[in-house]
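Asks: Input: one structure, supplied below.
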Amino acid sequence: MVKKSASQPGMVLGGLAGALLLTAGILWIASGSALLALVFLLGIAVLLGGLFAFNRMETSPVAEAVAASDWSVTVAAIERKGEGIAITDRANRLVCANRAYIEWFGSGSAPPNLPLERTAFEELTRLAREAWRDGSAGSDSLGGDDESGETWNVAAERAGRGEDHLVWRFSKREPELLKALENVDVTGAFGRTLTRSGIEAAITSPDGVIKSVSAGFAERAAGDVGATLAGQDFVSFLRSDERERIFFAREGRGGTPQTLIHVPLEDPEAKFSPGPDQARSLMLLVDSGVGIGGGFDGGSQAGVAQLEALLGQLPLGLAMTDRDGRFLFGNDAFLRAIDREGRGLPAFPTDLVVREDKAALSDAVRRHGRGPATSGNMAVRLTTNPDEPVSLGLAGVRGLGEAAVLVSLADSHEETQLKRQVAQATKMQAVGQLAGGVAHDFNNVLTAIIGTCDLMLLRHTPGDSDYDDIQQIRANSNRAASLTRQLLAFSRQQTLRPEVLQLPDVVSEVGPLIMRLLGGKIEYQVKHDRDLGPVRADPQQLEQVIMNLAVNARDAIQSHGDGTGKISLSTRRLTVNDVAKMGSEILPAADYTVLIVQDTGGGIPAEVLPKLFEPFFTTKEQGKGTGLGLSTAYGIVKQSGGFIFADNIQGAGGATGARFTIYLPVHKGEMPAKPAEPEPVPSSDWSGGGRILLVEDEDMVRAVAERALTRAGYEVKAYSDGEEGLAAIKRGGEFDLIVSDVVMPGMDGPAMARGIREIHPDLPVLFMSGYAEEQLRKDIDIPNMHFIAKPFSVQEIGDKVADVMRRVGAR
């Protein structure tokens, strides 16, 4: 077989040479050129020589050496740490292997014939068969020998140009416990979970050097939640006292004692363990009191439950949060303080405050929850009342499991309500003083306008071109005068003429007018209680109060729904015992006659209620109200010694509406007969004349009054202030009557009158003022004093002076 195979190339080469010679002869004969035939033969010879050399190279020792060097390169390429790799041929002979494979199995063994137990041999045989058939196979539970107890991950894959080799890969399966321990990461979610439970964690090397720490450990040890502390000694962050209790060095003895737990991150029963450079320990610092038995009376949960029951009985608003700032519980007083009764606590304390205070509160809760046991207060603004800051108390607590921060907030609802009432009363008083001052000054202007119009009308007759214009000016001035009267009513400086009367009588007097104002779509109902006590009030002003409330209710009904509704007026008897049962801090204990006006107009918005009685405040469209109706009612009721309140009610059938309640104190004693007012004497009925001292600081008012009185036949001496008036008397001036303004710069009217009375004790005085007569009589208290309210007309001042002069002359 060898000779036959060797002669075959020679026969081929001999045949090829003959064919070439024959071809060269044909070329010579055809071309007639021997040189061309020779060149052809030389070219063919060179080509054949190259082929022969290449063929010899494939089977030469040099080629075998090249092949051997290729396997060494492969061995270098398959070197892997921790992974054994071997290559076998179809006869399961080992072609090459890396260092790890040789260390584990030796160089004389090739898969599947490895020094393993029988089941492993059978498994490898199966893998080899499947890999040759399918191209690849693998197993992750190949058992080793019984002595080592090791298991292997094995994979086999067909490879090579002709896919005539198998590449085997072996790797040891490490113990699961050790693998899990080596993957412990305290810097992430695991560390945060421990911190929430009162446990701080650190990973250290065998020599106690920190490799990583949890964020809670970093904050308590270094005060920086983002600090890594890697490379520093673990024990440098701890201190112990004489009782061998462990504390964080940064917190000192003011912090919470810690329990140190050392957890080696290795499996003591595994024969395969990491080297010294990989060995690690988990160091746990546990707050004393955390866990079962750490609280009081049998555990932290029981302790928290007992604490919650205790705090629930306290009047102070208290709540508890965990270390992440989540609410755990809050007592009823705390829920009342944050206005969340019946709705429970929100998730976080920051949900209670306005957006600007959220960051500061979150930082404070985190600081008190994770640092040493400290306490403090901070001012925050609750979303339920952002205009009034409250003091929120924060205190870090330890030893109660999840509980970390105690939050305290006083239930200041009643105090806040009282503050609002005081602020509202103060504001109303200030606005009332302002309104009174404006009305007084405005009355001076109106007196000059009305008086000037009256004097001009004396020179014109109806039909003149200017007569109607002057009348229009006068009419508008009178309308302005009614506006000032409303301002004076609000400021409680209106002139009242109180009488002792029965409230149902006033309601019946004004009833027909109210029914005409309401129209046909609104039902009007009146109901009176029995045995009502009498009240002392000005009937005309009380009628104005009832009219204002009725008109306000009508407007509310017309703007709500289809314009139909119901207005009811009722009177009630309220005894002193009933008032005591009400528990009102505003209403004094006494007997009252109550007037209630309520409607079905949809009620009063919550934001409108505090401003309801303020002057010029109105919810009506522009041009449909002055905003003085309710403020006038308020002023009249307060000036009469009563109280008025507004609230919303739920009526029958679910209809909502507003309710105004007026409390007027019952007048004690007999009901006096209504005094008969003396009719003012017209100026034309007094013909006695007289000498008048006129004192007024306003030039226009003084000019009008002087011209009006002079025209009425009086001798008038006019001065601009009190000093000049008193000086005129001291110079020996004789006068029958003093007509003076009240408020003047320098010496005012009352001071001048008292100075004149020292010289002429019986000289009568007529005061002119835009303020209330009742208030002036209380402040001045001068006998034989008379009063005329501004603004007045020329006719009114003439009649008033004539009436005073007649009374003086009659005496």
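Each chain of the structure tokens is named A, B, ... in the order shown, its residues numbered from 1; ligands are numbered from 1 in display order.
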Could you pull out the residues in region 435-640 of chain A that DSSP calls alpha helix (DSSP H) from the backbone, as an mmCIF file with C-alpha atoms, in the first residue's frame?

Replies:
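File written: out-v7.cif
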```
data_model
loop_
_atom_site.group_PDB
_atom_site.id
_atom_site.type_symbol
_atom_site.label_atom_id
_atom_site.label_comp_id
_atom_site.auth_asym_id
_atom_site.auth_seq_id
_atom_site.Cartn_x
_atom_site.Cartn_y
_atom_site.Cartn_z
ATOM 1 C CA ALA A 435 -65.667 106.627 59.761
ATOM 2 C CA GLY A 436 -66.754 109.031 62.492
ATOM 3 C CA GLY A 437 -63.960 111.450 61.653
ATOM 4 C CA VAL A 438 -64.742 111.290 57.945
ATOM 5 C CA ALA A 439 -68.441 111.822 58.621
ATOM 6 C CA HIS A 440 -67.716 114.821 60.845
ATOM 7 C CA ASP A 441 -65.543 116.538 58.242
ATOM 8 C CA PHE A 442 -67.910 115.613 55.463
ATOM 9 C CA ASN A 443 -70.843 117.030 57.406
ATOM 10 C CA ASN A 444 -69.083 120.395 57.560
ATOM 11 C CA VAL A 445 -68.732 120.370 53.776
ATOM 12 C CA LEU A 446 -72.364 119.352 53.299
ATOM 13 C CA THR A 447 -73.528 122.043 55.721
ATOM 14 C CA ALA A 448 -71.804 124.678 53.590
ATOM 15 C CA ILE A 449 -73.228 123.224 50.342
ATOM 16 C CA ILE A 450 -76.783 122.839 51.611
ATOM 17 C CA GLY A 451 -76.772 126.248 53.294
ATOM 18 C CA THR A 452 -75.404 127.936 50.184
ATOM 19 C CA CYS A 453 -78.088 126.269 48.070
ATOM 20 C CA ASP A 454 -80.762 127.490 50.478
ATOM 21 C CA LEU A 455 -79.456 131.061 50.275
ATOM 22 C CA MET A 456 -79.364 130.891 46.478
ATOM 23 C CA LEU A 457 -82.900 129.547 46.326
ATOM 24 C CA TYR A 467 -83.697 127.081 40.165
ATOM 25 C CA ASP A 468 -83.874 123.439 39.090
ATOM 26 C CA ASP A 469 -80.083 123.107 39.039
ATOM 27 C CA ILE A 470 -79.793 124.432 42.545
ATOM 28 C CA GLN A 471 -82.526 122.068 43.711
ATOM 29 C CA GLN A 472 -80.625 119.161 42.127
ATOM 30 C CA ILE A 473 -77.447 120.128 43.969
ATOM 31 C CA ARG A 474 -79.386 120.342 47.222
ATOM 32 C CA ALA A 475 -81.050 116.941 46.664
ATOM 33 C CA ASN A 476 -77.701 115.267 45.987
ATOM 34 C CA SER A 477 -76.272 116.897 49.095
ATOM 35 C CA ASN A 478 -79.106 115.448 51.164
ATOM 36 C CA ARG A 479 -78.330 112.015 49.716
ATOM 37 C CA ALA A 480 -74.719 112.482 50.781
ATOM 38 C CA ALA A 481 -75.950 113.501 54.230
ATOM 39 C CA SER A 482 -77.788 110.165 54.547
ATOM 40 C CA LEU A 483 -74.501 108.415 53.704
ATOM 41 C CA THR A 484 -72.735 110.217 56.550
ATOM 42 C CA ARG A 485 -75.557 109.198 58.886
ATOM 43 C CA GLN A 486 -74.871 105.574 57.989
ATOM 44 C CA LEU A 487 -71.185 106.074 58.726
ATOM 45 C CA LEU A 488 -72.067 107.583 62.088
ATOM 46 C CA ALA A 489 -74.395 104.671 62.780
ATOM 47 C CA PHE A 490 -71.592 102.210 62.089
ATOM 48 C CA LEU A 503 -89.878 94.290 69.502
ATOM 49 C CA PRO A 504 -92.970 92.760 67.795
ATOM 50 C CA ASP A 505 -94.434 96.249 67.478
ATOM 51 C CA VAL A 506 -91.402 97.414 65.476
ATOM 52 C CA VAL A 507 -91.552 94.293 63.269
ATOM 53 C CA SER A 508 -95.260 94.858 62.547
ATOM 54 C CA GLU A 509 -94.621 98.521 61.677
ATOM 55 C CA VAL A 510 -92.007 97.666 59.073
ATOM 56 C CA GLY A 511 -93.752 94.488 57.807
ATOM 57 C CA PRO A 512 -95.857 96.039 54.993
ATOM 58 C CA LEU A 513 -92.839 97.838 53.556
ATOM 59 C CA ILE A 514 -90.784 94.614 53.619
ATOM 60 C CA MET A 515 -93.527 92.705 51.767
ATOM 61 C CA ARG A 516 -93.585 95.342 49.032
ATOM 62 C CA LEU A 517 -89.805 95.091 48.664
ATOM 63 C CA LEU A 518 -89.743 91.279 48.475
ATOM 64 C CA PRO A 539 -87.608 102.574 66.934
ATOM 65 C CA GLN A 540 -86.715 104.353 63.696
ATOM 66 C CA GLN A 541 -83.145 103.050 63.778
ATOM 67 C CA LEU A 542 -84.357 99.545 64.698
ATOM 68 C CA GLU A 543 -86.668 99.640 61.703
ATOM 69 C CA GLN A 544 -83.678 100.533 59.554
ATOM 70 C CA VAL A 545 -81.799 97.502 60.922
ATOM 71 C CA ILE A 546 -84.676 95.168 60.058
ATOM 72 C CA MET A 547 -85.020 96.698 56.592
ATOM 73 C CA ASN A 548 -81.303 96.355 55.882
ATOM 74 C CA LEU A 549 -81.329 92.690 56.895
ATOM 75 C CA ALA A 550 -84.451 91.969 54.861
ATOM 76 C CA VAL A 551 -83.063 93.658 51.745
ATOM 77 C CA ASN A 552 -79.786 91.785 52.156
ATOM 78 C CA ALA A 553 -81.693 88.479 52.406
ATOM 79 C CA ARG A 554 -83.786 89.360 49.337
ATOM 80 C CA ASP A 555 -80.674 90.078 47.265
ATOM 81 C CA ALA A 556 -79.124 86.758 48.381
ATOM 82 C CA ILE A 557 -82.218 84.786 47.316
ATOM 83 C CA GLN A 558 -82.493 86.564 43.964
ATOM 84 C CA VAL A 576 -80.016 84.292 81.849
ATOM 85 C CA ASN A 577 -79.965 80.516 82.375
ATOM 86 C CA ASP A 578 -80.246 79.959 78.638
ATOM 87 C CA VAL A 579 -77.295 82.264 78.061
ATOM 88 C CA ALA A 580 -75.232 80.385 80.647
ATOM 89 C CA LYS A 581 -75.967 77.099 78.868
ATOM 90 C CA MET A 582 -74.761 78.582 75.571
ATOM 91 C CA GLY A 629 -76.218 98.221 55.010
ATOM 92 C CA LEU A 630 -74.869 95.567 57.374
ATOM 93 C CA SER A 631 -72.266 97.888 58.886
ATOM 94 C CA THR A 632 -75.055 100.356 59.699
ATOM 95 C CA ALA A 633 -77.081 97.561 61.321
ATOM 96 C CA TYR A 634 -74.030 96.530 63.312
ATOM 97 C CA GLY A 635 -73.452 100.080 64.560
ATOM 98 C CA ILE A 636 -77.087 100.664 65.552
ATOM 99 C CA VAL A 637 -77.307 97.356 67.445
ATOM 100 C CA LYS A 638 -74.013 97.951 69.284
ATOM 101 C CA GLN A 639 -74.980 101.530 70.126
#
```

Asks: Please provide as a list in words all residues within 12 Å of Pro346 (chain A), with the sequence filter that same-chain residues fewer than 6 positions apart are discarded (counting only C-alpha atoms).

Replies: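 My reading of the contact set: Ala319, Thr321, Gly325, Arg326, Phe327, Leu328, Phe329, Gly330, Leu335, Ile338, Asp339, Arg340, Leu352 and Val353 of chain A.
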
Asks: Store the residues of this selection in a file with N, CA and C atoms, as a tab-separated table (two decimals), in the first residue's frame.

Replies:
```
chain	number	residue	atom	x	y	z
A	319	ALA	N	-47.76	63.81	68.69
A	319	ALA	CA	-47.72	62.78	67.65
A	319	ALA	C	-46.32	62.18	67.64
A	321	THR	N	-43.36	60.06	65.14
A	321	THR	CA	-42.93	59.68	63.80
A	321	THR	C	-41.80	58.65	63.91
A	325	GLY	N	-39.44	60.01	59.28
A	325	GLY	CA	-40.37	61.12	59.35
A	325	GLY	C	-41.81	60.75	59.06
A	326	ARG	N	-42.16	59.48	59.00
A	326	ARG	CA	-43.54	59.07	58.77
A	326	ARG	C	-44.31	59.06	60.08
A	327	PHE	N	-45.53	59.58	60.05
A	327	PHE	CA	-46.35	59.60	61.25
A	327	PHE	C	-46.70	58.17	61.66
A	328	LEU	N	-46.55	57.88	62.97
A	328	LEU	CA	-46.98	56.60	63.53
A	328	LEU	C	-48.34	56.74	64.19
A	329	PHE	N	-48.56	57.80	64.95
A	329	PHE	CA	-49.86	58.06	65.55
A	329	PHE	C	-49.89	59.51	66.04
A	330	GLY	N	-51.07	59.98	66.36
A	330	GLY	CA	-51.26	61.31	66.93
A	330	GLY	C	-52.50	61.31	67.80
A	335	LEU	N	-54.80	66.19	66.44
A	335	LEU	CA	-55.68	66.24	65.27
A	335	LEU	C	-56.53	67.51	65.29
A	338	ILE	N	-54.38	70.53	64.19
A	338	ILE	CA	-54.09	70.63	62.75
A	338	ILE	C	-55.36	70.59	61.93
A	339	ASP	N	-56.53	70.64	62.61
A	339	ASP	CA	-57.83	70.70	61.94
A	339	ASP	C	-58.04	69.48	61.04
A	340	ARG	N	-57.75	68.28	61.58
A	340	ARG	CA	-57.95	67.05	60.80
A	340	ARG	C	-58.74	66.02	61.62
A	352	LEU	N	-48.33	68.96	56.54
A	352	LEU	CA	-49.15	69.87	57.33
A	352	LEU	C	-48.81	71.32	57.10
A	353	VAL	N	-47.62	71.61	56.56
A	353	VAL	CA	-47.14	72.98	56.51
A	353	VAL	C	-47.13	73.49	55.08
```
